[in-house]
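Text of upload39.cif, listed as mmCIF, C-alpha atoms and all ligand atoms:
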data_query
#
loop_
_atom_site.label_atom_id
_atom_site.label_comp_id
_atom_site.auth_asym_id
_atom_site.auth_seq_id
_atom_site.Cartn_x
_atom_site.Cartn_y
_atom_site.Cartn_z
CA MET A 1 30.55 -5.38 105.72
CA SER A 2 34.14 -4.59 104.84
CA ASN A 3 36.45 -4.39 107.85
CA PRO A 4 39.01 -1.51 107.55
CA GLU A 5 41.22 -3.22 110.16
CA MET A 6 41.78 -6.06 107.68
CA LYS A 7 43.12 -3.79 104.92
CA GLY A 8 46.22 -5.42 103.40
CA ALA A 9 45.63 -8.78 105.15
CA ARG A 10 46.09 -12.04 103.24
CA ILE A 11 43.55 -14.86 103.36
CA LEU A 12 44.67 -18.48 102.88
CA ARG A 13 42.22 -19.82 100.32
CA PHE A 14 44.13 -22.68 98.65
CA HIS A 15 46.26 -25.11 100.66
CA THR A 16 49.19 -26.88 98.96
CA SER A 17 47.14 -30.05 98.43
CA ASP A 18 44.34 -28.08 96.70
CA LYS A 19 46.89 -26.40 94.45
CA VAL A 20 48.76 -29.60 93.56
CA PHE A 21 45.50 -31.44 92.86
CA HIS A 22 44.08 -28.63 90.74
CA SER A 23 47.25 -28.02 88.67
CA ILE A 24 47.98 -31.68 87.90
CA ASN A 25 44.28 -32.27 87.23
CA ALA A 26 44.07 -29.33 84.80
CA ILE A 27 47.31 -30.17 82.93
CA CYS A 28 46.44 -33.88 82.66
CA TRP A 29 42.88 -32.97 81.62
CA TYR A 30 43.97 -31.03 78.54
CA ALA A 31 46.72 -33.54 77.67
CA LEU A 32 44.10 -36.32 77.89
CA VAL A 33 41.64 -34.37 75.73
CA ILE A 34 44.31 -33.73 73.08
CA THR A 35 45.60 -37.34 72.95
CA GLY A 36 42.03 -38.73 73.10
CA ALA A 37 40.79 -36.35 70.39
CA ILE A 38 43.69 -37.23 68.06
CA VAL A 39 42.82 -40.93 68.31
CA TYR A 40 39.04 -40.44 68.08
CA PHE A 41 38.82 -37.83 65.34
CA GLY A 42 41.90 -39.12 63.53
CA HIS A 43 40.26 -42.51 63.04
CA TRP A 44 36.94 -40.91 62.28
CA MET A 45 38.39 -38.80 59.51
CA GLY A 46 40.62 -41.66 58.43
CA ASP A 47 43.85 -39.66 58.14
CA ILE A 48 45.92 -40.94 61.05
CA SER A 49 48.38 -43.85 60.86
CA ASP A 50 47.92 -46.82 63.19
CA GLU A 51 51.37 -46.10 64.61
CA THR A 52 50.42 -42.54 65.61
CA ALA A 53 47.07 -43.71 66.98
CA ASN A 54 48.78 -46.40 69.10
CA LEU A 55 51.35 -43.95 70.42
CA MET A 56 48.65 -41.41 71.33
CA MET A 57 46.66 -44.16 73.05
CA VAL A 58 49.70 -45.21 75.13
CA TRP A 59 50.15 -41.57 76.19
CA HIS A 60 46.42 -41.34 76.92
CA LEU A 61 46.56 -44.41 79.20
CA TRP A 62 49.63 -43.25 81.15
CA LEU A 63 48.18 -39.78 81.54
CA GLY A 64 44.93 -41.39 82.71
CA ALA A 65 46.90 -43.33 85.35
CA LEU A 66 48.52 -40.07 86.56
CA PHE A 67 45.12 -38.33 86.52
CA THR A 68 43.74 -41.18 88.69
CA LEU A 69 46.67 -41.10 91.14
CA ASN A 70 46.28 -37.35 91.49
CA PHE A 71 42.60 -37.60 92.45
CA VAL A 72 43.05 -40.65 94.70
CA GLY A 73 46.09 -38.98 96.30
CA TYR A 74 44.09 -35.84 97.08
CA VAL A 75 41.28 -37.84 98.69
CA LEU A 76 43.63 -40.17 100.65
CA PHE A 77 46.41 -37.78 101.68
CA ALA A 78 44.40 -34.58 102.17
CA PRO A 79 40.96 -35.91 103.19
CA GLU A 80 40.30 -32.83 105.33
CA ARG A 81 40.84 -30.50 102.33
CA PHE A 82 38.73 -32.68 100.05
CA ALA A 83 36.01 -32.66 102.75
CA VAL A 84 36.15 -28.85 103.11
CA THR A 85 35.81 -28.43 99.34
CA LEU A 86 32.90 -30.89 99.16
CA LYS A 87 31.15 -29.37 102.19
CA ASN A 88 31.33 -25.91 100.63
CA LEU A 89 30.09 -27.22 97.28
CA LEU A 90 27.19 -29.16 98.76
CA GLU A 91 25.88 -26.39 101.02
CA TRP A 92 23.00 -24.86 99.06
CA ASP A 93 21.31 -22.10 101.08
CA LYS A 94 18.81 -19.46 99.94
CA ASN A 95 21.53 -17.09 98.70
CA THR A 96 23.06 -19.85 96.57
CA ILE A 97 19.75 -20.34 94.78
CA MET A 98 19.20 -16.55 94.54
CA TRP A 99 22.55 -16.27 92.68
CA PHE A 100 20.83 -17.85 89.67
CA ARG A 101 18.20 -15.07 89.57
CA ASN A 102 20.79 -12.77 87.96
CA PHE A 103 23.70 -15.18 87.36
CA GLY A 104 25.89 -13.20 89.69
CA GLY A 105 25.18 -10.01 87.73
CA TYR A 106 27.53 -11.17 84.93
CA PRO A 107 25.01 -10.82 82.03
CA ARG A 108 24.38 -7.21 83.10
CA ARG A 109 28.06 -6.45 83.68
CA PHE A 110 29.47 -7.94 80.47
CA PHE A 111 26.64 -8.00 77.95
CA LYS A 112 24.47 -5.14 79.28
CA ILE A 113 21.55 -7.59 79.53
CA PRO A 114 19.26 -6.45 82.40
CA PHE A 115 18.72 -10.00 83.65
CA GLY A 116 17.18 -10.32 87.15
CA PRO A 117 17.77 -8.01 90.13
CA VAL A 118 20.80 -5.70 90.26
CA GLU A 119 21.98 -6.85 93.69
CA VAL A 120 23.94 -10.10 93.98
CA PRO A 121 23.16 -11.86 97.28
CA PRO A 122 26.28 -12.42 99.44
CA GLN A 123 27.96 -15.73 98.61
CA GLY A 124 30.00 -18.26 100.60
CA ARG A 125 33.36 -19.77 99.63
CA TYR A 126 31.85 -20.61 96.21
CA ASN A 127 29.00 -18.78 94.48
CA GLY A 128 25.99 -20.62 93.06
CA GLY A 129 27.52 -20.95 89.59
CA GLN A 130 30.82 -22.24 90.96
CA LYS A 131 29.00 -24.77 93.13
CA MET A 132 27.06 -26.12 90.18
CA SER A 133 30.03 -26.24 87.80
CA TYR A 134 32.62 -27.61 90.28
CA LEU A 135 30.21 -30.39 91.28
CA ILE A 136 29.84 -31.24 87.59
CA PHE A 137 33.66 -31.13 87.14
CA LEU A 138 34.32 -33.39 90.13
CA ALA A 139 31.60 -35.83 89.02
CA ALA A 140 33.21 -35.80 85.55
CA VAL A 141 36.66 -36.53 87.02
CA VAL A 142 35.27 -39.52 88.95
CA TYR A 143 33.22 -40.77 85.97
CA LEU A 144 36.12 -40.45 83.52
CA ILE A 145 38.45 -42.31 85.89
CA ALA A 146 35.94 -45.14 86.49
CA SER A 147 34.88 -45.46 82.86
CA GLY A 148 38.49 -45.13 81.63
CA TRP A 149 39.74 -48.05 83.76
CA LEU A 150 36.71 -50.15 82.84
CA LEU A 151 37.26 -49.51 79.12
CA TRP A 152 40.97 -50.30 79.45
CA LEU A 153 41.08 -53.30 81.79
CA GLY A 154 37.46 -54.32 82.22
CA ALA A 155 36.61 -54.64 78.52
CA PRO A 156 36.53 -58.49 78.51
CA LEU A 157 34.01 -58.43 81.35
CA LEU A 158 31.65 -55.94 79.74
CA GLY A 159 28.95 -56.79 77.25
CA LYS A 160 29.06 -55.09 73.86
CA THR A 161 26.25 -52.65 74.70
CA VAL A 162 27.73 -51.64 78.06
CA PHE A 163 31.14 -51.15 76.43
CA TYR A 164 29.60 -49.04 73.67
CA TRP A 165 27.73 -46.72 76.03
CA LEU A 166 30.68 -46.41 78.40
CA PHE A 167 32.85 -45.42 75.45
CA ILE A 168 30.36 -42.90 74.04
CA THR A 169 29.76 -41.24 77.43
CA HIS A 170 33.52 -41.26 78.21
CA VAL A 171 34.35 -39.50 74.94
CA TRP A 172 31.42 -37.09 74.63
CA GLY A 173 31.14 -36.41 78.37
CA SER A 174 34.77 -35.32 78.39
CA PHE A 175 34.26 -33.06 75.35
CA ILE A 176 31.18 -31.41 76.88
CA VAL A 177 32.97 -30.72 80.20
CA THR A 178 36.04 -29.47 78.29
CA ALA A 179 33.78 -26.98 76.49
CA MET A 180 32.43 -25.82 79.89
CA VAL A 181 35.94 -25.47 81.35
CA THR A 182 37.30 -23.69 78.27
CA CYS A 183 34.38 -21.36 77.59
CA ALA A 184 33.26 -20.59 81.15
CA HIS A 185 35.61 -21.75 83.94
CA ILE A 186 38.84 -20.33 82.51
CA PRO A 187 37.48 -16.95 81.30
CA LEU A 188 35.62 -16.45 84.60
CA ALA A 189 38.71 -17.54 86.57
CA LEU A 190 40.66 -14.81 84.78
CA LEU A 191 38.27 -12.18 86.18
CA SER A 192 39.89 -12.45 89.59
CA MET A 193 43.67 -12.39 89.26
CA GLU A 194 43.96 -12.86 93.03
CA HIS A 195 42.19 -16.25 92.82
CA PHE A 196 43.99 -17.12 89.59
CA LYS A 197 47.45 -16.45 91.06
CA GLY A 198 46.43 -18.01 94.38
CA ILE A 199 45.63 -21.39 92.86
CA TRP A 200 48.37 -21.44 90.17
CA ARG A 201 51.45 -19.81 91.69
CA ILE A 202 54.20 -21.93 93.22
CA GLY A 203 54.09 -20.97 96.88
CA SER A 204 51.34 -19.71 99.13
CA GLY A 205 47.72 -20.01 98.01
CA ASP A 206 46.63 -16.80 99.68
CA ILE A 207 44.51 -14.02 98.23
CA SER A 208 43.94 -10.45 99.33
CA TYR A 209 41.34 -9.72 102.00
CA GLU A 210 39.64 -7.36 99.53
CA ALA A 211 39.23 -10.10 96.88
CA ALA A 212 37.95 -12.59 99.46
CA GLU A 213 35.49 -10.05 100.87
CA HIS A 214 34.31 -9.01 97.41
CA HIS A 215 33.69 -12.53 96.05
CA ALA A 216 32.87 -14.51 99.18
CA PRO A 217 31.69 -12.21 102.01
CA THR A 218 29.74 -14.96 103.80
CA TRP A 219 32.81 -17.23 103.79
CA VAL A 220 35.01 -14.45 105.21
CA LYS A 221 32.44 -13.66 107.90
CA ARG A 222 31.69 -17.26 108.84
CA ASP A 223 34.82 -19.35 108.32
CA VAL A 224 37.93 -17.21 108.04
CA VAL A 225 39.97 -16.94 111.24
CA LYS A 226 42.81 -14.54 112.04
CA VAL A 227 45.99 -16.48 112.80
CA VAL A 228 48.71 -13.80 112.67
CA GLU A 229 48.62 -10.40 114.36
CA LYS A 230 49.49 -7.63 111.93
C1 LIG B 301 43.93 -24.96 82.72
C2 LIG B 301 42.98 -24.17 82.96
C3 LIG B 301 42.34 -23.86 84.29
C4 LIG B 301 42.41 -22.66 84.95
C5 LIG B 301 43.14 -21.41 84.50
C6 LIG B 301 41.67 -22.80 86.18
C7 LIG B 301 41.49 -21.81 87.12
C8 LIG B 301 40.90 -21.97 88.36
C9 LIG B 301 40.85 -20.98 89.42
C10 LIG B 301 41.43 -19.58 89.35
C11 LIG B 301 40.18 -21.52 90.46
C12 LIG B 301 39.87 -20.87 91.81
C13 LIG B 301 38.46 -20.35 91.81
C14 LIG B 301 37.98 -20.01 93.19
O1 LIG B 301 38.12 -20.82 94.12
O2 LIG B 301 37.43 -18.92 93.36
C15 LIG B 301 39.80 -22.88 90.09
C16 LIG B 301 39.14 -23.77 90.90
C17 LIG B 301 38.70 -25.00 90.51
N1 LIG B 301 38.87 -25.57 89.26
FE1 LIG B 301 39.99 -24.81 87.75
N2 LIG B 301 41.14 -24.06 86.23
C18 LIG B 301 41.54 -24.75 85.10
C19 LIG B 301 41.21 -26.04 84.76
C20 LIG B 301 40.35 -26.85 85.48
C21 LIG B 301 39.92 -28.16 85.07
C22 LIG B 301 40.33 -28.85 83.78
C23 LIG B 301 39.07 -28.62 86.04
C24 LIG B 301 38.34 -29.92 86.10
C25 LIG B 301 37.68 -30.40 85.11
C26 LIG B 301 38.99 -27.61 87.08
C27 LIG B 301 38.25 -27.70 88.23
C28 LIG B 301 38.26 -26.81 89.27
C29 LIG B 301 37.67 -27.04 90.59
C30 LIG B 301 36.89 -28.30 91.03
C31 LIG B 301 37.96 -25.91 91.37
C32 LIG B 301 37.64 -25.68 92.86
C33 LIG B 301 38.88 -26.13 93.63
C34 LIG B 301 39.13 -25.50 94.97
O3 LIG B 301 38.53 -24.48 95.33
O4 LIG B 301 40.01 -26.01 95.70
N3 LIG B 301 39.78 -26.54 86.70
N4 LIG B 301 40.25 -23.10 88.80
#

Representation of the structure as structure tokens:
Amino acid sequence: MSNPEMKGARILRFHTSDKVFHSINAICWYALVITGAIVYFGHWMGDISDETANLMMVWHLWLGALFTLNFVGYVLFAPERFAVTLKNLLEWDKNTIMWFRNFGGYPRRFFKIPFGPVEVPPQGRYNGGQKMSYLIFLAAVVYLIASGWLLWLGAPLLGKTVFYWLFITHVWGSFIVTAMVTCAHIPLALLSMEHFKGIWRIGSGDISYEAAEHHAPTWVKRDVVKVVEK
């Protein structure tokens, strides 16, 4: 239930470490996809010079190193934030599952498709769809880091078949997750400007009480604490 006393209050949703991790991760992700795609498709279509391919690969490797440092840095230097994110993603209660009965009401709202019940069950910090997709994204980040280093430095140790499958899953896994991020994560993120600005702006990662209550009522009720008297 909305609390009128909280009108105008700000809720700290993203700490600095969450914001730094997410921004560097997102920027590196697209830079890696672009450099990787130029090398892969360029060679495939046969219209890229070896010089350009080598240069793109050097960029790809350095960006991959930064991408790795960013993830390892988040886990090592902000373990409590990483743990909070993981805990919230791994907590699947009845309402999380029920979210998938109508996909958060989005098919009805945007495409007028009467899919599932009208009511969306109250969600925690992340809704069912966010939990599923963010777990996939984090698994992809870990897999791409591990497979990337193995392909780069571990190649002499790997058999031909292992190398081949690591390469195929590295390339196509990254393209599939990029399609998910581009076609679902970004458009859906734009639906809540409060969350969008909260995670991307330089400065505080807070969002309005109204946005927090609307998207994550269970989180507000269960976890959010008042730290400053208005
Ligand atoms: C460049 C485009 C991107 C935009 C505009 C964007 C936008 C956002 C926004 C607004 C949120 C907050 C959602 C919420 O908590 O309610 C978020 C969270 C998240 N995004 Fe992105 N994102 C982008 C790229 C990516 C990429 C490339 C990945 C990884 C593959 C990613 C993974 C995540 C994860 C794991 C979270 C949850 C993090 C947390 O709550 O601390 N995002 N994103």

Restricting to only C-alpha atoms, whichever of A:Val224, A:Pro4, A:Val141, A:Ala26 is closest to Ile186 in chain A is A:Ala26

- [ ] Report the distance between CA of Thr85 in chain A and CA of Val171 in chain A in Å, rounded to one decimal place.
- [x]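 About the pair CA of Thr85 in chain A and CA of Val171 in chain A: they are 26.8 Å apart.
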
Would you give me, as a tab-separated table, each residue of chain A having an atom within 9 Å of an atom of ligand LIG 301 (chain B), along with its shortest atom pair and that distance in Å to one decimal, using only C-alpha atoms and all ligand atoms and sorting by chain and residue number?
residue	atom	partner	partner_atom	distance
A:Arg13	CA	B:LIG301	O1	7.5
A:Phe14	CA	B:LIG301	O4	6.1
A:His15	CA	B:LIG301	O4	8.0
A:Ser17	CA	B:LIG301	O4	8.6
A:Asp18	CA	B:LIG301	O4	4.9
A:Lys19	CA	B:LIG301	O4	7.0
A:Phe21	CA	B:LIG301	O4	8.2
A:His22	CA	B:LIG301	N1	6.2
A:Ser23	CA	B:LIG301	C19	7.5
A:Asn25	CA	B:LIG301	C22	6.3
A:Ala26	CA	B:LIG301	C22	3.9
A:Ile27	CA	B:LIG301	C1	6.2
A:Cys28	CA	B:LIG301	C22	8.0
A:Trp29	CA	B:LIG301	C22	5.3
A:Tyr30	CA	B:LIG301	C22	6.7
A:Arg81	CA	B:LIG301	O4	8.1
A:Phe82	CA	B:LIG301	O4	8.1
A:Val84	CA	B:LIG301	O4	8.8
A:Thr85	CA	B:LIG301	O4	6.1
A:Leu89	CA	B:LIG301	C32	8.9
A:Arg125	CA	B:LIG301	O1	7.4
A:Tyr126	CA	B:LIG301	O2	6.5
A:Asn127	CA	B:LIG301	O2	8.5
A:Gln130	CA	B:LIG301	O2	7.8
A:Lys131	CA	B:LIG301	C32	8.7
A:Ser133	CA	B:LIG301	C30	7.9
A:Tyr134	CA	B:LIG301	C30	4.4
A:Leu135	CA	B:LIG301	C30	7.0
A:Ile136	CA	B:LIG301	C25	8.3
A:Phe137	CA	B:LIG301	C25	4.6
A:Leu138	CA	B:LIG301	C30	5.8
A:Ala140	CA	B:LIG301	C25	7.0
A:Val141	CA	B:LIG301	C25	6.5
A:Ser174	CA	B:LIG301	C25	8.8
A:Val177	CA	B:LIG301	C25	6.8
A:Thr178	CA	B:LIG301	C22	7.0
A:Met180	CA	B:LIG301	C25	8.7
A:Val181	CA	B:LIG301	C22	6.0
A:Thr182	CA	B:LIG301	C2	7.4
A:His185	CA	B:LIG301	N2	6.4
A:Ile186	CA	B:LIG301	C5	4.9
A:Pro187	CA	B:LIG301	C5	7.9
A:Leu188	CA	B:LIG301	C10	8.1
A:Ala189	CA	B:LIG301	C10	4.4
A:Leu190	CA	B:LIG301	C10	6.7
A:Leu191	CA	B:LIG301	C10	8.6
A:Ser192	CA	B:LIG301	C10	7.3
A:Met193	CA	B:LIG301	C10	7.5
A:Glu194	CA	B:LIG301	C10	8.1
A:His195	CA	B:LIG301	C10	4.9
A:Phe196	CA	B:LIG301	C10	3.6
A:Lys197	CA	B:LIG301	C10	7.0
A:Gly198	CA	B:LIG301	C10	7.3
A:Ile199	CA	B:LIG301	C10	5.8
A:Trp200	CA	B:LIG301	C10	7.2
A:Ala212	CA	B:LIG301	O2	8.8
A:His215	CA	B:LIG301	O2	7.9
A:Ala216	CA	B:LIG301	O2	8.6

So which residues are close to (23.3, -14.1, 91.7), meaning at most 9 Å away in the file's coordinates with all atoms listed in the file counted, and can you show them as an MDAnalysis selection string? chainID A and resid 95:106 116:123 127:129

Restrict the selected residues to C-alpha atoms and save them as a PDB file, in the frame of the given file.
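This is the output file selection-v5.pdb:
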ATOM      1  CA  ASN A  95      21.530 -17.090  98.700  1.00  0.00           C
ATOM      2  CA  THR A  96      23.060 -19.850  96.570  1.00  0.00           C
ATOM      3  CA  ILE A  97      19.750 -20.340  94.780  1.00  0.00           C
ATOM      4  CA  MET A  98      19.200 -16.550  94.540  1.00  0.00           C
ATOM      5  CA  TRP A  99      22.550 -16.270  92.680  1.00  0.00           C
ATOM      6  CA  PHE A 100      20.830 -17.850  89.670  1.00  0.00           C
ATOM      7  CA  ARG A 101      18.200 -15.070  89.570  1.00  0.00           C
ATOM      8  CA  ASN A 102      20.790 -12.770  87.960  1.00  0.00           C
ATOM      9  CA  PHE A 103      23.700 -15.180  87.360  1.00  0.00           C
ATOM     10  CA  GLY A 104      25.890 -13.200  89.690  1.00  0.00           C
ATOM     11  CA  GLY A 105      25.180 -10.010  87.730  1.00  0.00           C
ATOM     12  CA  TYR A 106      27.530 -11.170  84.930  1.00  0.00           C
ATOM     13  CA  GLY A 116      17.180 -10.320  87.150  1.00  0.00           C
ATOM     14  CA  PRO A 117      17.770  -8.010  90.130  1.00  0.00           C
ATOM     15  CA  VAL A 118      20.800  -5.700  90.260  1.00  0.00           C
ATOM     16  CA  GLU A 119      21.980  -6.850  93.690  1.00  0.00           C
ATOM     17  CA  VAL A 120      23.940 -10.100  93.980  1.00  0.00           C
ATOM     18  CA  PRO A 121      23.160 -11.860  97.280  1.00  0.00           C
ATOM     19  CA  PRO A 122      26.280 -12.420  99.440  1.00  0.00           C
ATOM     20  CA  GLN A 123      27.960 -15.730  98.610  1.00  0.00           C
ATOM     21  CA  ASN A 127      29.000 -18.780  94.480  1.00  0.00           C
ATOM     22  CA  GLY A 128      25.990 -20.620  93.060  1.00  0.00           C
ATOM     23  CA  GLY A 129      27.520 -20.950  89.590  1.00  0.00           C
TER      24      GLY A 129
END

- Query: Do you know which residues are at most 9 Å from range 143-145 of chain A counting all atoms listed in the file, after dropping those on the same chain fewer than 4 positions away, and could you put them as a VMD selection string?
  - Reply: chain A and resid 64 to 65 67 to 68 138 to 139 149 to 150 169 to 171 173 to 174

Between A:Leu69, A:Tyr209, A:Val220, A:Lys94, smallest distance to Ile24 in chain A by all atoms listed in the file belongs to A:Leu69

Check your understanding: Could you work out how far CA of Thr35 in chain A lies from CA of Met56 in chain A, giving the answer in Å with one decimal?
Key ->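 Interatomic distance, CA of Met56 in chain A to CA of Thr35 in chain A: 5.3 Å.
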
List every protein, DNA or RNA residue that has at least one atom no more than 9 Å from (46.8, -39.8, 70.2) in the file's coordinates, counting all atoms listed in the file, and write the result as a short mmCIF file (atom, residue, chain, number, x, y, z; two decimals) with C-alpha atoms, in the frame of the given file.
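The result, stored in part-v3.cif:
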data_model
loop_
_atom_site.label_atom_id
_atom_site.label_comp_id
_atom_site.auth_asym_id
_atom_site.auth_seq_id
_atom_site.Cartn_x
_atom_site.Cartn_y
_atom_site.Cartn_z
CA LEU A 32 44.10 -36.32 77.89
CA ILE A 34 44.31 -33.73 73.08
CA THR A 35 45.60 -37.34 72.95
CA GLY A 36 42.03 -38.73 73.10
CA ALA A 37 40.79 -36.35 70.39
CA ILE A 38 43.69 -37.23 68.06
CA VAL A 39 42.82 -40.93 68.31
CA TYR A 40 39.04 -40.44 68.08
CA GLY A 42 41.90 -39.12 63.53
CA THR A 52 50.42 -42.54 65.61
CA ALA A 53 47.07 -43.71 66.98
CA ASN A 54 48.78 -46.40 69.10
CA LEU A 55 51.35 -43.95 70.42
CA MET A 56 48.65 -41.41 71.33
CA MET A 57 46.66 -44.16 73.05
CA VAL A 58 49.70 -45.21 75.13
CA TRP A 59 50.15 -41.57 76.19
CA HIS A 60 46.42 -41.34 76.92
#

Would you compute the box with edges along x, y and z of the file around range 64-77 of chain A, including every atom the file lists for it and 8 Å extra on each side, and give its centre and edge lengths in Å to one decimal, as JSON?
{"center_x": 44.9, "center_y": -39.6, "center_z": 92.2, "size_x": 23.2, "size_y": 23.5, "size_z": 35.0}

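Note that the spacing between CA of Ile207 in chain A and CA of Ile11 in chain A amounts to 5.3 Å.
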
Incomplete range 124-149 of chain A brought to N, CA and C atoms, written out as a short mmCIF file (atom, residue, chain, number, x, y, z; two decimals), in the coordinates of the input:
data_model
loop_
_atom_site.label_atom_id
_atom_site.label_comp_id
_atom_site.auth_asym_id
_atom_site.auth_seq_id
_atom_site.Cartn_x
_atom_site.Cartn_y
_atom_site.Cartn_z
N GLY A 124 29.02 -17.59 99.74
CA GLY A 124 30.00 -18.26 100.60
C GLY A 124 31.30 -18.49 99.85
N ARG A 125 32.06 -19.51 100.26
CA ARG A 125 33.36 -19.77 99.63
C ARG A 125 33.22 -19.88 98.10
N TYR A 126 32.14 -20.53 97.65
CA TYR A 126 31.85 -20.61 96.21
C TYR A 126 30.49 -19.98 95.96
N ASN A 127 30.33 -19.29 94.81
CA ASN A 127 29.00 -18.78 94.48
C ASN A 127 28.17 -19.90 93.83
N GLY A 128 26.88 -19.60 93.59
CA GLY A 128 25.99 -20.62 93.06
C GLY A 128 26.51 -21.26 91.77
N GLY A 129 27.02 -20.43 90.87
CA GLY A 129 27.52 -20.95 89.59
C GLY A 129 28.74 -21.83 89.78
N GLN A 130 29.64 -21.42 90.69
CA GLN A 130 30.82 -22.24 90.96
C GLN A 130 30.40 -23.57 91.57
N LYS A 131 29.44 -23.52 92.50
CA LYS A 131 29.00 -24.77 93.13
C LYS A 131 28.49 -25.75 92.08
N MET A 132 27.63 -25.23 91.19
CA MET A 132 27.06 -26.12 90.18
C MET A 132 28.16 -26.67 89.27
N SER A 133 29.04 -25.76 88.78
CA SER A 133 30.03 -26.24 87.80
C SER A 133 31.10 -27.11 88.46
N TYR A 134 31.56 -26.79 89.67
CA TYR A 134 32.62 -27.61 90.28
C TYR A 134 32.09 -28.99 90.65
N LEU A 135 30.78 -29.06 91.01
CA LEU A 135 30.21 -30.39 91.28
C LEU A 135 30.19 -31.21 89.99
N ILE A 136 29.84 -30.54 88.89
CA ILE A 136 29.84 -31.24 87.59
C ILE A 136 31.27 -31.68 87.25
N PHE A 137 32.26 -30.79 87.48
CA PHE A 137 33.66 -31.13 87.14
C PHE A 137 34.14 -32.32 87.97
N LEU A 138 33.85 -32.29 89.28
CA LEU A 138 34.32 -33.39 90.13
C LEU A 138 33.63 -34.70 89.76
N ALA A 139 32.32 -34.62 89.45
CA ALA A 139 31.60 -35.83 89.02
C ALA A 139 32.23 -36.34 87.72
N ALA A 140 32.60 -35.40 86.83
CA ALA A 140 33.21 -35.80 85.55
C ALA A 140 34.56 -36.48 85.79
N VAL A 141 35.34 -35.93 86.72
CA VAL A 141 36.66 -36.53 87.02
C VAL A 141 36.45 -37.97 87.49
N VAL A 142 35.52 -38.17 88.42
CA VAL A 142 35.27 -39.52 88.95
C VAL A 142 34.75 -40.43 87.83
N TYR A 143 33.80 -39.94 87.03
CA TYR A 143 33.22 -40.77 85.97
C TYR A 143 34.27 -41.14 84.92
N LEU A 144 35.11 -40.18 84.56
CA LEU A 144 36.12 -40.45 83.52
C LEU A 144 37.15 -41.45 84.02
N ILE A 145 37.51 -41.35 85.32
CA ILE A 145 38.45 -42.31 85.89
C ILE A 145 37.82 -43.71 85.87
N ALA A 146 36.59 -43.82 86.40
CA ALA A 146 35.94 -45.14 86.49
C ALA A 146 35.72 -45.72 85.10
N SER A 147 35.17 -44.92 84.19
CA SER A 147 34.88 -45.46 82.86
C SER A 147 36.17 -45.74 82.10
N GLY A 148 37.20 -44.91 82.31
CA GLY A 148 38.49 -45.13 81.63
C GLY A 148 39.11 -46.47 82.01
N TRP A 149 39.15 -46.76 83.32
CA TRP A 149 39.74 -48.05 83.76
C TRP A 149 38.90 -49.23 83.27
#
